[in-house]
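Heads up: the structure comes next, in structure tokens.
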Amino acid sequence: MNAITGLVLRTLLFISLYAFLGTAVWLLWKSVTGSRLRGGTIAIPTLTLATTIDGEQNIQTFTSSDVLVGRNPDCDLVLDDETVSGRHGRLTYHLNQWWYEDLKSTNGSWLDDLKIEEPIVVKDNDSIYCGDAVFKIYIKPLQ
């Protein structure tokens, strides 16, 4: 085998090696960042909150992943009660579950007899007490 043939074979070997390594790195990069670039949406179960304040029942349905609860009119669920803080708590959907978090409210939040001091998973038919106000949670499962 002459020198030119050896040089051509070595060059082809290096080109093949770099093409293989480049493809491997590209596929790894694509798999790591692919979920962030896809732009897909996460299905969120419908959340229905039923409140009863002064004998008046109010039912609201939410399809967003974040629901702010409080006395402030800017909140998603407005609880018109003096014992409820302006921004009392927040319901968020993540890790395929609905969570309730007390936002350092004055009178606290309770899940039945359990004081909520850190984010807690809530389920269908749970009742959350915010001060003297209470709302019931209904979660429609995904189809």
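Every chain in the structure tokens has a letter given in the order shown (A, B, ...), and although residue numbers restart at 1 in each chain, ligands are simply numbered from 1 in the order shown.
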Self-check item: Contacts of A:Gln143 within 12 Å, only C-alpha atoms, excl. fewer than 5 positions in-chain, as a list of chain:residue names
Solution: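 Result of the neighbour search: A:Ala43, A:Ile44, A:Pro45, A:Thr46.
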Practice problem: Looking only at strand (DSSP E) from DSSP on the backbone, list the matching residues of stretch 15-134 of chain A as a PyMOL selection string. | Solution: chain A and resi 46-53+56-62+66-70+77-78+89-94+97-102+109-111+114-115+120-122+127-130+133-134
Quiz item: Neighbours of stretch 69-71 of chain A within 7 Å (only C-alpha atoms; same-chain residues fewer than 2 positions away dropped), as an MDAnalysis selection string?
Solution: chainID A and resid 67 73 75:81 84:90
What would the file look like if the residues just selected were written as a compact mmCIF listing (two decimals), in the first residue's frame with all heavy atoms?
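Everything below was put into result-v6.txt:
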# COMPACT_ATOMS: atom_id res chain seq x y z
N VAL A 67 -54.29 29.35 41.02
CA VAL A 67 -55.50 30.03 41.48
C VAL A 67 -55.17 30.72 42.81
O VAL A 67 -54.81 30.07 43.78
CB VAL A 67 -56.67 29.04 41.68
CG1 VAL A 67 -57.89 29.75 42.22
CG2 VAL A 67 -56.99 28.31 40.38
N PRO A 73 -59.80 41.94 45.59
CA PRO A 73 -60.57 41.75 44.35
C PRO A 73 -59.74 41.23 43.18
O PRO A 73 -60.30 40.71 42.22
CB PRO A 73 -61.12 43.15 44.03
CG PRO A 73 -61.02 43.91 45.30
CD PRO A 73 -59.91 43.31 46.09
N CYS A 75 -57.78 38.71 43.33
CA CYS A 75 -57.63 37.26 43.49
C CYS A 75 -58.59 36.53 42.55
O CYS A 75 -59.63 37.05 42.17
CB CYS A 75 -57.89 36.85 44.94
SG CYS A 75 -56.64 37.42 46.09
N ASP A 76 -58.22 35.30 42.21
CA ASP A 76 -59.09 34.49 41.34
C ASP A 76 -60.34 34.04 42.09
O ASP A 76 -61.44 34.06 41.54
CB ASP A 76 -58.31 33.26 40.83
CG ASP A 76 -57.08 33.67 40.05
OD1 ASP A 76 -57.22 34.48 39.11
OD2 ASP A 76 -55.97 33.20 40.37
N LEU A 77 -60.17 33.61 43.33
CA LEU A 77 -61.30 33.26 44.19
C LEU A 77 -61.35 34.28 45.31
O LEU A 77 -60.49 34.31 46.18
CB LEU A 77 -61.15 31.85 44.77
CG LEU A 77 -62.26 31.42 45.73
CD1 LEU A 77 -63.58 31.29 44.98
CD2 LEU A 77 -61.91 30.13 46.42
N VAL A 78 -62.35 35.14 45.26
CA VAL A 78 -62.48 36.21 46.26
C VAL A 78 -63.38 35.71 47.38
O VAL A 78 -64.52 35.32 47.15
CB VAL A 78 -63.05 37.50 45.63
CG1 VAL A 78 -63.24 38.57 46.69
CG2 VAL A 78 -62.16 37.99 44.51
N LEU A 79 -62.82 35.73 48.61
CA LEU A 79 -63.57 35.34 49.81
C LEU A 79 -63.83 36.61 50.60
O LEU A 79 -62.93 37.17 51.23
CB LEU A 79 -62.77 34.34 50.65
CG LEU A 79 -62.44 33.02 49.96
CD1 LEU A 79 -61.54 32.16 50.85
CD2 LEU A 79 -63.70 32.27 49.60
N ASP A 80 -65.06 37.10 50.52
CA ASP A 80 -65.43 38.37 51.15
C ASP A 80 -65.75 38.13 52.62
O ASP A 80 -66.90 38.05 53.03
CB ASP A 80 -66.62 38.97 50.42
CG ASP A 80 -66.89 40.40 50.86
OD1 ASP A 80 -65.97 41.03 51.42
OD2 ASP A 80 -68.03 40.87 50.67
N ASP A 81 -64.68 38.00 53.42
CA ASP A 81 -64.82 37.73 54.85
C ASP A 81 -63.66 38.46 55.55
O ASP A 81 -62.53 38.42 55.08
CB ASP A 81 -64.74 36.22 55.10
CG ASP A 81 -65.04 35.87 56.55
OD1 ASP A 81 -64.14 36.09 57.39
OD2 ASP A 81 -66.14 35.37 56.83
N VAL A 84 -60.28 36.70 56.33
CA VAL A 84 -59.44 36.25 55.20
C VAL A 84 -58.47 37.36 54.84
O VAL A 84 -58.85 38.53 54.74
CB VAL A 84 -60.33 35.89 53.99
CG1 VAL A 84 -59.49 35.51 52.79
CG2 VAL A 84 -61.29 34.77 54.34
N SER A 85 -57.20 37.00 54.65
CA SER A 85 -56.19 37.98 54.26
C SER A 85 -56.38 38.38 52.80
O SER A 85 -57.06 37.68 52.03
CB SER A 85 -54.79 37.39 54.45
OG SER A 85 -54.55 37.12 55.81
N GLY A 86 -55.76 39.50 52.42
CA GLY A 86 -55.86 39.98 51.04
C GLY A 86 -55.40 38.94 50.04
O GLY A 86 -56.05 38.68 49.04
N ARG A 87 -54.25 38.36 50.26
CA ARG A 87 -53.73 37.23 49.48
C ARG A 87 -53.53 36.10 50.48
O ARG A 87 -52.47 35.98 51.07
CB ARG A 87 -52.43 37.60 48.79
CG ARG A 87 -52.60 38.62 47.69
CD ARG A 87 -51.28 39.13 47.13
NE ARG A 87 -50.27 38.12 46.98
CZ ARG A 87 -49.91 37.56 45.81
NH1 ARG A 87 -50.50 37.94 44.71
NH2 ARG A 87 -48.98 36.64 45.76
N HIS A 88 -54.54 35.29 50.65
CA HIS A 88 -54.54 34.29 51.73
C HIS A 88 -53.79 33.01 51.35
O HIS A 88 -52.97 32.51 52.12
CB HIS A 88 -55.99 33.96 52.09
CG HIS A 88 -56.13 33.33 53.44
ND1 HIS A 88 -56.45 34.05 54.57
CD2 HIS A 88 -55.99 32.05 53.84
CE1 HIS A 88 -56.50 33.24 55.60
NE2 HIS A 88 -56.24 32.02 55.19
N GLY A 89 -54.07 32.47 50.17
CA GLY A 89 -53.45 31.21 49.77
C GLY A 89 -53.44 31.05 48.27
O GLY A 89 -53.98 31.87 47.53
N ARG A 90 -52.81 29.96 47.83
CA ARG A 90 -52.70 29.71 46.40
C ARG A 90 -52.85 28.22 46.13
O ARG A 90 -52.26 27.39 46.82
CB ARG A 90 -51.35 30.17 45.89
CG ARG A 90 -51.12 29.83 44.43
CD ARG A 90 -49.74 30.21 43.93
NE ARG A 90 -49.60 31.65 43.93
CZ ARG A 90 -48.60 32.30 44.50
NH1 ARG A 90 -47.65 31.63 45.12
NH2 ARG A 90 -48.53 33.60 44.44
Quiz prompt | Selection near A:Ile116, 9 Å with only C-alpha atoms, sequence-local residues under 3 positions removed, as an NGL selection string | solution = :A and (100-102 or 108-111 or 119-120)
Exercise. Find the residues near A:Lys140: any atom within 12 Å, counting only C-alpha atoms, skip ones fewer than 4 places away on the same chain, and give them as an NGL selection string.
Key: :A and (43-49 or 61-63 or 97-98 or 123-125)
Quiz item: So, counting only C-alpha atoms, which residue among A:Thr33, A:Thr23, A:Ser65, A:Ser105 is closest to A:Tyr129?
Solution: A:Ser105
Exercise. Could you tell me how far atom CA of A:Thr52 lies from atom CA of A:Tyr93, in Å and to one decimal?
Key: 23.7 Å
Quiz item: Using the chain letters and numbers from this document, which residues of stretch 3-121 of chain A does DSSP assign to alpha helix (DSSP H), as a ChimeraX atom specification?
Solution: /A:3-37
Could you write those residues out with N, CA and C atoms, as a tab-separated table (two decimals), in the first residue's frame?
chain	number	residue	atom	x	y	z
A	3	ALA	N	1.78	5.43	0.20
A	3	ALA	CA	1.57	6.48	1.21
A	3	ALA	C	0.28	7.27	0.96
A	4	ILE	N	-0.06	7.51	-0.27
A	4	ILE	CA	-1.25	8.30	-0.58
A	4	ILE	C	-2.51	7.52	-0.18
A	5	THR	N	-2.56	6.23	-0.45
A	5	THR	CA	-3.72	5.42	-0.07
A	5	THR	C	-3.87	5.38	1.45
A	6	GLY	N	-2.79	5.25	2.18
A	6	GLY	CA	-2.82	5.25	3.64
A	6	GLY	C	-3.33	6.58	4.19
A	7	LEU	N	-2.88	7.67	3.58
A	7	LEU	CA	-3.32	9.00	4.01
A	7	LEU	C	-4.84	9.18	3.76
A	8	VAL	N	-5.30	8.73	2.61
A	8	VAL	CA	-6.72	8.84	2.29
A	8	VAL	C	-7.55	7.99	3.25
A	9	LEU	N	-7.12	6.79	3.57
A	9	LEU	CA	-7.85	5.93	4.50
A	9	LEU	C	-7.88	6.51	5.91
A	10	ARG	N	-6.76	7.05	6.38
A	10	ARG	CA	-6.73	7.69	7.70
A	10	ARG	C	-7.64	8.92	7.75
A	11	THR	N	-7.64	9.70	6.68
A	11	THR	CA	-8.50	10.89	6.62
A	11	THR	C	-9.98	10.49	6.66
A	12	LEU	N	-10.34	9.45	5.89
A	12	LEU	CA	-11.72	8.97	5.92
A	12	LEU	C	-12.10	8.44	7.30
A	13	LEU	N	-11.16	7.77	7.98
A	13	LEU	CA	-11.41	7.27	9.32
A	13	LEU	C	-11.67	8.42	10.30
A	14	PHE	N	-10.88	9.47	10.24
A	14	PHE	CA	-11.06	10.62	11.13
A	14	PHE	C	-12.37	11.36	10.83
A	15	ILE	N	-12.71	11.50	9.56
A	15	ILE	CA	-13.97	12.15	9.19
A	15	ILE	C	-15.15	11.34	9.73
A	16	SER	N	-15.08	10.02	9.57
A	16	SER	CA	-16.15	9.15	10.08
A	16	SER	C	-16.25	9.25	11.59
A	17	LEU	N	-15.12	9.26	12.28
A	17	LEU	CA	-15.11	9.36	13.74
A	17	LEU	C	-15.73	10.67	14.21
A	18	TYR	N	-15.34	11.79	13.60
A	18	TYR	CA	-15.89	13.09	13.99
A	18	TYR	C	-17.37	13.20	13.64
A	19	ALA	N	-17.79	12.63	12.53
A	19	ALA	CA	-19.21	12.63	12.17
A	19	ALA	C	-20.01	11.83	13.20
A	20	PHE	N	-19.48	10.67	13.61
A	20	PHE	CA	-20.15	9.87	14.63
A	20	PHE	C	-20.25	10.61	15.95
A	21	LEU	N	-19.15	11.19	16.42
A	21	LEU	CA	-19.15	11.93	17.68
A	21	LEU	C	-20.07	13.16	17.61
A	22	GLY	N	-20.05	13.86	16.49
A	22	GLY	CA	-20.93	15.02	16.33
A	22	GLY	C	-22.39	14.63	16.37
A	23	THR	N	-22.74	13.53	15.70
A	23	THR	CA	-24.12	13.05	15.72
A	23	THR	C	-24.53	12.63	17.13
A	24	ALA	N	-23.65	11.95	17.86
A	24	ALA	CA	-23.95	11.51	19.22
A	24	ALA	C	-24.18	12.72	20.13
A	25	VAL	N	-23.33	13.72	20.05
A	25	VAL	CA	-23.48	14.92	20.87
A	25	VAL	C	-24.78	15.66	20.50
A	26	TRP	N	-25.08	15.77	19.22
A	26	TRP	CA	-26.31	16.44	18.76
A	26	TRP	C	-27.54	15.72	19.28
A	27	LEU	N	-27.57	14.37	19.21
A	27	LEU	CA	-28.72	13.61	19.70
A	27	LEU	C	-28.87	13.74	21.22
A	28	LEU	N	-27.78	13.73	21.94
A	28	LEU	CA	-27.84	13.93	23.40
A	28	LEU	C	-28.39	15.32	23.73
A	29	TRP	N	-27.90	16.32	23.04
A	29	TRP	CA	-28.37	17.69	23.26
A	29	TRP	C	-29.86	17.81	22.97
A	30	LYS	N	-30.28	17.19	21.87
A	30	LYS	CA	-31.69	17.23	21.49
A	30	LYS	C	-32.57	16.54	22.52
A	31	SER	N	-32.12	15.42	23.07
A	31	SER	CA	-32.94	14.71	24.06
A	31	SER	C	-33.00	15.47	25.39
A	32	VAL	N	-31.94	16.16	25.75
A	32	VAL	CA	-31.92	16.91	27.02
A	32	VAL	C	-32.78	18.16	26.91
A	33	THR	N	-32.67	18.88	25.82
A	33	THR	CA	-33.40	20.15	25.68
A	33	THR	C	-34.71	20.01	24.94
A	34	GLY	N	-35.00	18.85	24.41
A	34	GLY	CA	-36.19	18.66	23.59
A	34	GLY	C	-37.48	18.95	24.31
A	35	SER	N	-37.61	18.58	25.59
A	35	SER	CA	-38.87	18.80	26.31
A	35	SER	C	-39.14	20.29	26.51
A	36	ARG	N	-38.09	21.08	26.61
A	36	ARG	CA	-38.29	22.51	26.80
A	36	ARG	C	-38.60	23.22	25.49
A	37	LEU	N	-38.14	22.67	24.38
A	37	LEU	CA	-38.33	23.32	23.10
A	37	LEU	C	-39.62	22.90	22.40
Compile a residue-level contact table for stretch 113-135 of chain A against stretch 54-59 of chain A at a cut-off of 12 Å, reporting for every qualifying residue the shortest atom pair and its distance in Å to one decimal, with only C-alpha atoms counted, rows ordered by chain and ascending number, as a Markdown table.
| residue | atom | partner | partner_atom | distance |
| --- | --- | --- | --- | --- |
| A:Asp132 | CA | A:Asp54 | CA | 10.6 |
| A:Ala133 | CA | A:Asp54 | CA | 9.4 |
| A:Val134 | CA | A:Gln57 | CA | 10.8 |
| A:Phe135 | CA | A:Asn58 | CA | 9.3 |
